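To start, the structure under review is shown below, and the notes come after it.
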Amino acid sequence: MSRAKAGKIVATALMAAFSVLFLVPLIWMVSAASKVESEVLEYPIRWIPDHWNFAANFRTVWLGDVPFALFYWNSFKLAAAMTLGTLLFSSMAAFSLSKLRFRGRDLAFGLLLSFMIIPPEATLVPRYMLMKWFHLYNSHEGLIVMGLFSIYFTFLLRQFMLGIHNDFIEAARMDGAGYATVYWRIMIPLSKPILATVAIIKFIWSWNDYQNALIFLIDRDLYPIPLGMQLFRNDFADNYSVLMMASLSAIVPLLLVFVVLQKQVIKGISLGGVKG
Amino acid sequence: MYSHSQAKKVAIPSKSVRNAYWNPKRREALAGWLFLAPELLGMIALSLFPILFSLLLSFSEWNLVGGLSSIRFAGWDNFAAMLEDDKIGKALRNNFVYTLFTVPVGLFLALVLAVLIHTRVYGKSYFKVAFFIPYISSIIALGAIWSALFHPSYGPVNRFLLSVGVEDPPKWLADPQYSLTAIMIIAIWAAIGYKIVIYIAGLGQIPDELYEAASIDGAGSFQRFFRITLPLLKPTLFFLFITTLMSSFKVFDLVAFLTGGGPNDSSTVLVYRIYEEGFRHFRMGYASAISWLLFVIVGLVTFVSARMQRERHDVPGGRFG
């Protein structure tokens with residue numbers, strides 16, 4: 001075996017060890033979620049529980065007083081609606097900005113890009129008032145409306161659509177297709193890979209959103225998972241096994257999505273950093 | 001680009017003859033604006049209008065409970081009050097400490113790991129996934145895990161510290177001196193996967209021939225890193241630098257969930273001040289003034305970094321280079 005190869009094996013082993021150390025908090029979470037409370041904070045840490053309590057903790061989280069299943073459904077509904085809306089509006093804008101020519105287009109594009117420096121955190125107060133005025137405060141609709149538009153995804157889609165050949169569009173136009181047909185029958189199908197990537201990332205971000213939900217929702221029945229986690233933290237402050245079961249439940253669906261679609265997710269994230 | 005000359009060559013459709021005003025060019029413009037309209041109007045309504053409106057509000061005094069009619073012009077009062085506000089001082093200090101610590105440490109750690117993963121190990125995709133898991137997880141769920149790990153007396157972190165002979169370990173999230181440190185540790189840990197993935201994408205764009213040529217010329221791995229990797233990775237580094245810098249000033253979730261800015265405002269930050277003043281005390285004018293302070297800081301930081309980038313590289317397409 002060559003020296004370079006041996007070195008690479010050693011480096012791999014060291015990195016593997018480090019990656020396990022890095023994931024220790026998550027491993028600890030899984031372990032704690034399977035324990036009875038008295039074993040959770042034992043030291044040295046008992047990684048494999050003596051008394052399995054996974055099922056009981058699961059019942060407390062999912063069938064207890066805090067309606068976790070409802071939070072789940074709320075999160076899913078919100079994330080799905082925001083994702084679909086973003087796909088539609090961002091791809092429409094991207095089509096316009098990449099394939100249609102009209103006066104003021106570049107100005108509009110520049111204007112959109114310049115909005116990126118406005119921190120959403122700095123617009124919380126006026127958005128709160130807007131929500132009040134339009135009677136959208138404390139409603140899912142309000143949260144969804146605020147999650148429909150994204151300059152970042154519009155930019156990613158535009159960069160991708162610039163690479164779609166004009167011949168497709170011109171051929172369709174000569175056959176008498178209108179712009180709506182071109183958009184729906186040509187641009188959308190040809191952009192499928194990037195649309196899938198945008199969908200996954202937008203879904204993950206919406207699923208994890210905490211700030212908007214915290215400020216724009218009051219009713220417990222409307223809470224998505226991150227706010228539900230907060231209720232658990234208040235109700236079960238010293239009950240870490242239940243809290244860890246709630247954390248585990250919050251993380252697992254995204255983890256599954258990610259493991260299945262990791263290539264798309266990682267590609268989508270990297271797109272932001274590399275000139276497209 | 002869809003071309004207009006195209007339309008001239010082709011026989012004009014009979015529809016356009018009937019309606020001379022809607023020639024192909026006008027029609028394309030109409031389609032362009034219609035397709036752009038939802039996104040553009042949405043952003044104007046939810047971003048541009050609010051930020052301008054909050055400027056107006058920041059010069060007013062308004063307690064939400066009184067309704068719109070109770071808005072009073074307050075001049076510079078809110079900004080003057082900010083200068084006297086101890087909590088704002090603490091928040092600013094914490095925001096700067098947070099940025100000065102998490103941005104360089106995060107960027108450096110991620111760079112080291114990315115280079116190792118990219119060049120030195122087998123199973124690249126496993127490592128990318130492993131380090132990325134916290135980034136896709138709900139930061140609130142991660143915060144809940146760390147709140148247990150950092151438990152002052154029974155948490156595994158302190159039990160470990162005690163067992164290796166650290167007497168009197170910090171109380172972390174419950175400790176005025178360490179609450180911000182604890183939050184910074186969690187934040188760096190949670191976001192490192194994102195940076196690694198971006199770095200690896202950048203590393204993948206450096207042509208292998210450069211390294212081969214350098215090896216033939218007898219360059220060691222350190223030389224290769226400093227002479228090839230680092231210079232060619234600069235656009236990626238700048239992108240990460242700007243994005244992490246911008247987001248570091250907006251830190252909120254962990255603070256709100258774990259400490260509520262405490263104990264004793266030791267971990268309070270600007271966005272948390274906006275939240276507390278605006279949505280707990282309903283001082284909308286004052287919260288708007290803080291919002292503008294945040295906006296100006298983020299704007300300045302972005303502007304200065306974009307300038308730096310342009311001067312050093314002359315990269316076309318500036319901010320996304």
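Each chain in the structure tokens gets a letter, A, B, ..., in the order shown, and its residues are numbered from 1; ligands are numbered from 1 in order too.
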
Practice problem: Compute the chain A side of the contact with chain B at 6 Å, counting only C-alpha atoms, and hand it back as a PyMOL selection string. | Solution: chain A and resi 8+11-12+41+89+92-93+96+99-100+102+122-123+126+149+208+226+247+251+270+273+275

Self-check item: Spatial neighbours of range 58-61 of chain A, max dist 12 Å, only C-alpha atoms, sep filter under 6 positions, as a PyMOL selection string
Solution: chain A and resi 30+32-36+52+67-72+225+228-229+231-233+235-236+239-250

I need the chosen residues saved as an mmCIF file, in the first residue's frame, with N, CA and C atoms.
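result.cif was written with the following content:
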data_model
loop_
_atom_site.group_PDB
_atom_site.id
_atom_site.type_symbol
_atom_site.label_atom_id
_atom_site.label_comp_id
_atom_site.auth_asym_id
_atom_site.auth_seq_id
_atom_site.Cartn_x
_atom_site.Cartn_y
_atom_site.Cartn_z
ATOM 1 N N VAL A 30 -31.516 10.984 20.834
ATOM 2 C CA VAL A 30 -32.192 9.714 20.559
ATOM 3 C C VAL A 30 -32.159 8.827 21.790
ATOM 4 N N ALA A 32 -31.778 9.764 24.964
ATOM 5 C CA ALA A 32 -32.595 10.310 26.054
ATOM 6 C C ALA A 32 -34.087 10.088 25.782
ATOM 7 N N ALA A 33 -34.481 10.155 24.525
ATOM 8 C CA ALA A 33 -35.891 9.976 24.180
ATOM 9 C C ALA A 33 -36.356 8.548 24.444
ATOM 10 N N SER A 34 -35.400 7.617 24.602
ATOM 11 C CA SER A 34 -35.757 6.213 24.816
ATOM 12 C C SER A 34 -35.704 5.820 26.280
ATOM 13 N N LYS A 35 -35.423 6.786 27.165
ATOM 14 C CA LYS A 35 -35.158 6.438 28.569
ATOM 15 C C LYS A 35 -36.302 6.823 29.497
ATOM 16 N N VAL A 36 -36.230 6.284 30.734
ATOM 17 C CA VAL A 36 -37.058 6.846 31.798
ATOM 18 C C VAL A 36 -36.314 8.055 32.333
ATOM 19 N N TRP A 52 -36.136 0.535 28.790
ATOM 20 C CA TRP A 52 -36.636 1.188 27.569
ATOM 21 C C TRP A 52 -37.959 1.879 27.855
ATOM 22 N N PRO A 67 -51.080 19.021 21.912
ATOM 23 C CA PRO A 67 -51.473 18.310 20.677
ATOM 24 C C PRO A 67 -50.384 18.309 19.606
ATOM 25 N N PHE A 68 -49.419 17.418 19.777
ATOM 26 C CA PHE A 68 -48.279 17.428 18.859
ATOM 27 C C PHE A 68 -48.680 17.070 17.428
ATOM 28 N N ALA A 69 -49.628 16.144 17.292
ATOM 29 C CA ALA A 69 -50.051 15.748 15.940
ATOM 30 C C ALA A 69 -50.623 16.951 15.192
ATOM 31 N N LEU A 70 -51.342 17.796 15.928
ATOM 32 C CA LEU A 70 -51.909 18.997 15.318
ATOM 33 C C LEU A 70 -50.798 19.954 14.869
ATOM 34 N N PHE A 71 -49.766 20.124 15.721
ATOM 35 C CA PHE A 71 -48.638 20.983 15.344
ATOM 36 C C PHE A 71 -47.992 20.479 14.056
ATOM 37 N N TYR A 72 -47.883 19.165 13.985
ATOM 38 C CA TYR A 72 -47.308 18.531 12.811
ATOM 39 C C TYR A 72 -48.101 18.892 11.567
ATOM 40 N N ILE A 225 -44.687 23.249 14.594
ATOM 41 C CA ILE A 225 -43.844 22.501 15.528
ATOM 42 C C ILE A 225 -42.901 23.350 16.396
ATOM 43 N N GLY A 228 -44.762 24.615 19.148
ATOM 44 C CA GLY A 228 -45.163 23.484 19.968
ATOM 45 C C GLY A 228 -44.022 23.051 20.878
ATOM 46 N N MET A 229 -42.811 23.085 20.331
ATOM 47 C CA MET A 229 -41.629 22.752 21.138
ATOM 48 C C MET A 229 -41.544 23.670 22.355
ATOM 49 N N LEU A 231 -44.048 25.109 23.889
ATOM 50 C CA LEU A 231 -45.040 24.673 24.879
ATOM 51 C C LEU A 231 -44.513 23.487 25.678
ATOM 52 N N PHE A 232 -43.897 22.535 24.975
ATOM 53 C CA PHE A 232 -43.333 21.381 25.664
ATOM 54 C C PHE A 232 -42.287 21.816 26.676
ATOM 55 N N ARG A 233 -41.489 22.806 26.282
ATOM 56 C CA ARG A 233 -40.433 23.259 27.166
ATOM 57 C C ARG A 233 -41.029 23.897 28.412
ATOM 58 N N ASP A 235 -44.134 23.167 29.639
ATOM 59 C CA ASP A 235 -44.878 22.162 30.392
ATOM 60 C C ASP A 235 -43.995 21.076 30.988
ATOM 61 N N PHE A 236 -42.929 20.737 30.282
ATOM 62 C CA PHE A 236 -42.084 19.630 30.724
ATOM 63 C C PHE A 236 -40.658 20.126 30.975
ATOM 64 N N ASN A 239 -38.506 17.568 32.338
ATOM 65 C CA ASN A 239 -38.747 16.226 31.839
ATOM 66 C C ASN A 239 -38.031 16.067 30.496
ATOM 67 N N TYR A 240 -36.714 15.848 30.587
ATOM 68 C CA TYR A 240 -35.920 15.882 29.371
ATOM 69 C C TYR A 240 -36.211 14.720 28.441
ATOM 70 N N SER A 241 -36.646 13.571 28.989
ATOM 71 C CA SER A 241 -36.912 12.452 28.079
ATOM 72 C C SER A 241 -38.071 12.794 27.132
ATOM 73 N N VAL A 242 -39.104 13.449 27.684
ATOM 74 C CA VAL A 242 -40.233 13.850 26.844
ATOM 75 C C VAL A 242 -39.827 14.964 25.879
ATOM 76 N N LEU A 243 -39.059 15.919 26.387
ATOM 77 C CA LEU A 243 -38.610 17.022 25.533
ATOM 78 C C LEU A 243 -37.759 16.499 24.370
ATOM 79 N N MET A 244 -36.907 15.505 24.669
ATOM 80 C CA MET A 244 -36.063 14.942 23.617
ATOM 81 C C MET A 244 -36.894 14.144 22.612
ATOM 82 N N MET A 245 -37.963 13.497 23.102
ATOM 83 C CA MET A 245 -38.863 12.805 22.176
ATOM 84 C C MET A 245 -39.522 13.819 21.252
ATOM 85 N N ALA A 246 -39.896 14.970 21.791
ATOM 86 C CA ALA A 246 -40.490 16.019 20.957
ATOM 87 C C ALA A 246 -39.469 16.525 19.934
ATOM 88 N N SER A 247 -38.229 16.756 20.379
ATOM 89 C CA SER A 247 -37.182 17.198 19.447
ATOM 90 C C SER A 247 -36.983 16.174 18.344
ATOM 91 N N LEU A 248 -36.900 14.916 18.754
ATOM 92 C CA LEU A 248 -36.707 13.831 17.787
ATOM 93 C C LEU A 248 -37.844 13.842 16.764
ATOM 94 N N SER A 249 -39.078 13.970 17.270
ATOM 95 C CA SER A 249 -40.227 13.981 16.362
ATOM 96 C C SER A 249 -40.172 15.175 15.414
ATOM 97 N N ALA A 250 -39.651 16.303 15.903
ATOM 98 C CA ALA A 250 -39.575 17.486 15.058
ATOM 99 C C ALA A 250 -38.535 17.314 13.960
#

Exercise. Please identify all polymer residues within 8 Å of Arg273 in chain B, counting only C-alpha atoms, omitting same-chain residues fewer than 3 positions from it, and present them as a PyMOL selection string.
Key: chain B and resi 87-88+91+268-270+276-277+287+290

Hey, can you spit out that residue selection with C-alpha atoms as a PDB file, in the first residue's frame?
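Below is the file that was written, selection-v6.pdb:
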ATOM      1  CA  LYS B  87     -30.470  47.215  27.043  1.00  0.00           C
ATOM      2  CA  ILE B  88     -29.761  48.593  23.582  1.00  0.00           C
ATOM      3  CA  ALA B  91     -27.659  44.275  22.653  1.00  0.00           C
ATOM      4  CA  THR B 268     -29.955  40.115  24.514  1.00  0.00           C
ATOM      5  CA  VAL B 269     -29.528  41.135  20.861  1.00  0.00           C
ATOM      6  CA  LEU B 270     -31.021  43.783  18.581  1.00  0.00           C
ATOM      7  CA  GLU B 276     -39.651  42.655  23.272  1.00  0.00           C
ATOM      8  CA  GLU B 277     -40.284  46.387  22.812  1.00  0.00           C
ATOM      9  CA  ALA B 287     -39.317  49.076  18.115  1.00  0.00           C
ATOM     10  CA  ILE B 290     -34.427  49.792  16.707  1.00  0.00           C
TER      11      ILE B 290
END

Exercise. Skip Gln177 in chain B itself and residues of its chain fewer than 6 positions away, then list as a list in words all residues within 12 Å of it, counting only C-alpha atoms.
Key: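 Using only C-alpha atoms, the neighbours found are Asn94, Pro169, Pro170, Lys171, Ile183, Gly262, Pro263, Asn264, Asp265, Ser266 and Ser267 of chain B.
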
Quiz item: Residues of range 51-198 of chain B in strand (DSSP E or B) according to DSSP, as a PyMOL selection string?
Solution: chain B and resi 60-61+63+72-73

Quiz item: Using only C-alpha atoms, which residue out of A:Arg101, A:Arg46, A:His140, A:Lys267 lies closest to Ala196 in chain A?
Solution: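 Nearest candidate to Ala196 in chain A out of A:Arg101, A:Arg46, A:His140, A:Lys267: A:Lys267.
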
Exercise. Please give the complete set of residues from range 7-177 of chain B that DSSP, run on the backbone, assigns to alpha helix (DSSP H), formatted as a PyMOL selection string.
Key: chain B and resi 7-9+14-18+24-43+49-58+77-84+86-119+124-136+139-149+156-163

Store the residues picked out above, limited to C-alpha atoms, as a JSON list (two decimals), in the first residue's frame.
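Final output, result-v8.json:
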[["chain", "number", "residue", "atom", "x", "y", "z"],
["B", 7, "ALA", "CA", -41.78, 38.47, -35.18],
["B", 8, "LYS", "CA", -41.09, 40.84, -38.10],
["B", 9, "LYS", "CA", -39.92, 38.07, -40.39],
["B", 14, "SER", "CA", -54.37, 38.36, -38.28],
["B", 15, "LYS", "CA", -55.18, 39.23, -34.66],
["B", 16, "SER", "CA", -52.51, 41.94, -34.65],
["B", 17, "VAL", "CA", -53.87, 43.43, -37.84],
["B", 18, "ARG", "CA", -57.21, 43.82, -36.21],
["B", 24, "PRO", "CA", -45.79, 41.76, -30.71],
["B", 25, "LYS", "CA", -43.46, 44.06, -28.84],
["B", 26, "ARG", "CA", -46.19, 45.52, -26.66],
["B", 27, "ARG", "CA", -47.61, 42.08, -26.11],
["B", 28, "GLU", "CA", -44.28, 40.75, -24.93],
["B", 29, "ALA", "CA", -43.94, 43.70, -22.57],
["B", 30, "LEU", "CA", -47.41, 43.10, -21.18],
["B", 31, "ALA", "CA", -46.64, 39.41, -20.64],
["B", 32, "GLY", "CA", -43.34, 40.35, -19.02],
["B", 33, "TRP", "CA", -44.96, 42.65, -16.49],
["B", 34, "LEU", "CA", -47.82, 40.27, -15.79],
["B", 35, "PHE", "CA", -45.48, 37.39, -15.05],
["B", 36, "LEU", "CA", -43.32, 39.61, -12.89],
["B", 37, "ALA", "CA", -46.21, 41.32, -11.11],
["B", 38, "PRO", "CA", -46.99, 38.91, -8.24],
["B", 39, "GLU", "CA", -43.39, 38.65, -7.07],
["B", 40, "LEU", "CA", -42.65, 42.34, -7.53],
["B", 41, "LEU", "CA", -45.85, 43.53, -5.86],
["B", 42, "GLY", "CA", -45.41, 40.98, -3.08],
["B", 43, "MET", "CA", -41.94, 42.19, -2.33],
["B", 49, "PHE", "CA", -43.32, 49.40, 2.02],
["B", 50, "PRO", "CA", -42.75, 48.02, 5.53],
["B", 51, "ILE", "CA", -39.20, 49.29, 5.79],
["B", 52, "LEU", "CA", -40.25, 52.78, 4.67],
["B", 53, "PHE", "CA", -43.27, 52.71, 6.92],
["B", 54, "SER", "CA", -41.12, 51.72, 9.87],
["B", 55, "LEU", "CA", -38.93, 54.76, 9.19],
["B", 56, "LEU", "CA", -42.03, 56.90, 9.58],
["B", 57, "LEU", "CA", -43.05, 55.02, 12.72],
["B", 58, "SER", "CA", -39.61, 55.44, 14.23],
["B", 77, "ASP", "CA", -37.26, 61.06, 20.85],
["B", 78, "ASN", "CA", -37.02, 57.35, 20.06],
["B", 79, "PHE", "CA", -33.46, 57.66, 18.86],
["B", 80, "ALA", "CA", -32.52, 59.77, 21.87],
["B", 81, "ALA", "CA", -34.10, 57.17, 24.13],
["B", 82, "MET", "CA", -32.06, 54.48, 22.40],
["B", 83, "LEU", "CA", -28.84, 56.25, 23.37],
["B", 84, "GLU", "CA", -29.88, 56.13, 27.02],
["B", 86, "ASP", "CA", -28.93, 50.24, 28.73],
["B", 87, "LYS", "CA", -30.47, 47.21, 27.04],
["B", 88, "ILE", "CA", -29.76, 48.59, 23.58],
["B", 89, "GLY", "CA", -26.15, 49.13, 24.62],
["B", 90, "LYS", "CA", -25.94, 45.54, 25.78],
["B", 91, "ALA", "CA", -27.66, 44.28, 22.65],
["B", 92, "LEU", "CA", -25.23, 46.14, 20.40],
["B", 93, "ARG", "CA", -22.28, 44.88, 22.38],
["B", 94, "ASN", "CA", -23.61, 41.30, 22.23],
["B", 95, "ASN", "CA", -24.32, 41.55, 18.51],
["B", 96, "PHE", "CA", -20.76, 42.66, 17.85],
["B", 97, "VAL", "CA", -19.24, 40.02, 20.11],
["B", 98, "TYR", "CA", -21.43, 37.42, 18.44],
["B", 99, "THR", "CA", -20.35, 38.52, 14.96],
["B", 100, "LEU", "CA", -16.66, 38.90, 15.82],
["B", 101, "PHE", "CA", -16.65, 35.39, 17.28],
["B", 102, "THR", "CA", -19.04, 33.28, 15.20],
["B", 103, "VAL", "CA", -18.12, 34.61, 11.74],
["B", 104, "PRO", "CA", -14.33, 34.03, 11.80],
["B", 105, "VAL", "CA", -14.45, 30.87, 13.91],
["B", 106, "GLY", "CA", -17.25, 29.37, 11.81],
["B", 107, "LEU", "CA", -15.57, 30.26, 8.52],
["B", 108, "PHE", "CA", -12.20, 28.91, 9.68],
["B", 109, "LEU", "CA", -13.46, 25.61, 11.13],
["B", 110, "ALA", "CA", -15.61, 24.97, 8.08],
["B", 111, "LEU", "CA", -12.69, 25.70, 5.75],
["B", 112, "VAL", "CA", -10.42, 23.22, 7.53],
["B", 113, "LEU", "CA", -13.12, 20.53, 7.50],
["B", 114, "ALA", "CA", -14.08, 21.22, 3.87],
["B", 115, "VAL", "CA", -10.48, 20.95, 2.64],
["B", 116, "LEU", "CA", -10.00, 17.71, 4.60],
["B", 117, "ILE", "CA", -13.24, 16.26, 3.26],
["B", 118, "HIS", "CA", -12.48, 17.37, -0.28],
["B", 119, "THR", "CA", -8.93, 16.08, -0.54],
["B", 124, "LYS", "CA", -16.87, 12.34, 0.84],
["B", 125, "SER", "CA", -20.65, 12.20, 0.59],
["B", 126, "TYR", "CA", -21.02, 10.63, 4.06],
["B", 127, "PHE", "CA", -19.12, 13.50, 5.63],
["B", 128, "LYS", "CA", -21.04, 16.14, 3.72],
["B", 129, "VAL", "CA", -24.30, 14.62, 4.99],
["B", 130, "ALA", "CA", -23.09, 14.12, 8.58],
["B", 131, "PHE", "CA", -22.01, 17.71, 9.05],
["B", 132, "PHE", "CA", -25.08, 18.99, 7.26],
["B", 133, "ILE", "CA", -27.66, 17.30, 9.49],
["B", 134, "PRO", "CA", -27.83, 20.03, 12.16],
["B", 135, "TYR", "CA", -28.33, 22.67, 9.47],
["B", 136, "ILE", "CA", -31.54, 21.10, 8.17],
["B", 139, "ILE", "CA", -32.94, 25.19, 15.37],
["B", 140, "ILE", "CA", -35.54, 25.09, 18.13],
["B", 141, "ALA", "CA", -35.26, 21.32, 18.49],
["B", 142, "LEU", "CA", -31.47, 21.66, 18.53],
["B", 143, "GLY", "CA", -31.79, 24.38, 21.14],
["B", 144, "ALA", "CA", -33.89, 22.05, 23.29],
["B", 145, "ILE", "CA", -31.16, 19.39, 23.12],
["B", 146, "TRP", "CA", -28.47, 21.85, 24.12],
["B", 147, "SER", "CA", -30.58, 23.21, 26.96],
["B", 148, "ALA", "CA", -30.35, 19.73, 28.47],
["B", 149, "LEU", "CA", -26.67, 19.27, 27.63],
["B", 156, "PRO", "CA", -23.45, 16.11, 30.47],
["B", 157, "VAL", "CA", -21.25, 19.08, 29.50],
["B", 158, "ASN", "CA", -20.65, 20.16, 33.08],
["B", 159, "ARG", "CA", -20.45, 16.59, 34.39],
["B", 160, "PHE", "CA", -17.69, 16.05, 31.87],
["B", 161, "LEU", "CA", -15.92, 19.27, 32.84],
["B", 162, "LEU", "CA", -16.10, 18.31, 36.52],
["B", 163, "SER", "CA", -14.77, 14.83, 35.77]]

Exercise. Find the residue from B:Ile297, B:Ala214, B:Ile185, B:Ile206 that sits nearest to Pro119 in chain A; use only C-alpha atoms when measuring.
Key: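 Among the listed residues, B:Ile297 lies closest to Pro119 in chain A.
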
Self-check item: Atomic distance CA of Gly163 in chain A - CA of Asp175 in chain A, expressed in Å with one decimal
Solution: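 Interatomic distance here is 22.2 Å.
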
Practice problem: Name the closest residue to Trp62 in chain B among the candidates A:Val125, A:Ala13, A:Phe155, A:Met187; distances are taken between atoms, counting only C-alpha atoms. | Solution: A:Val125
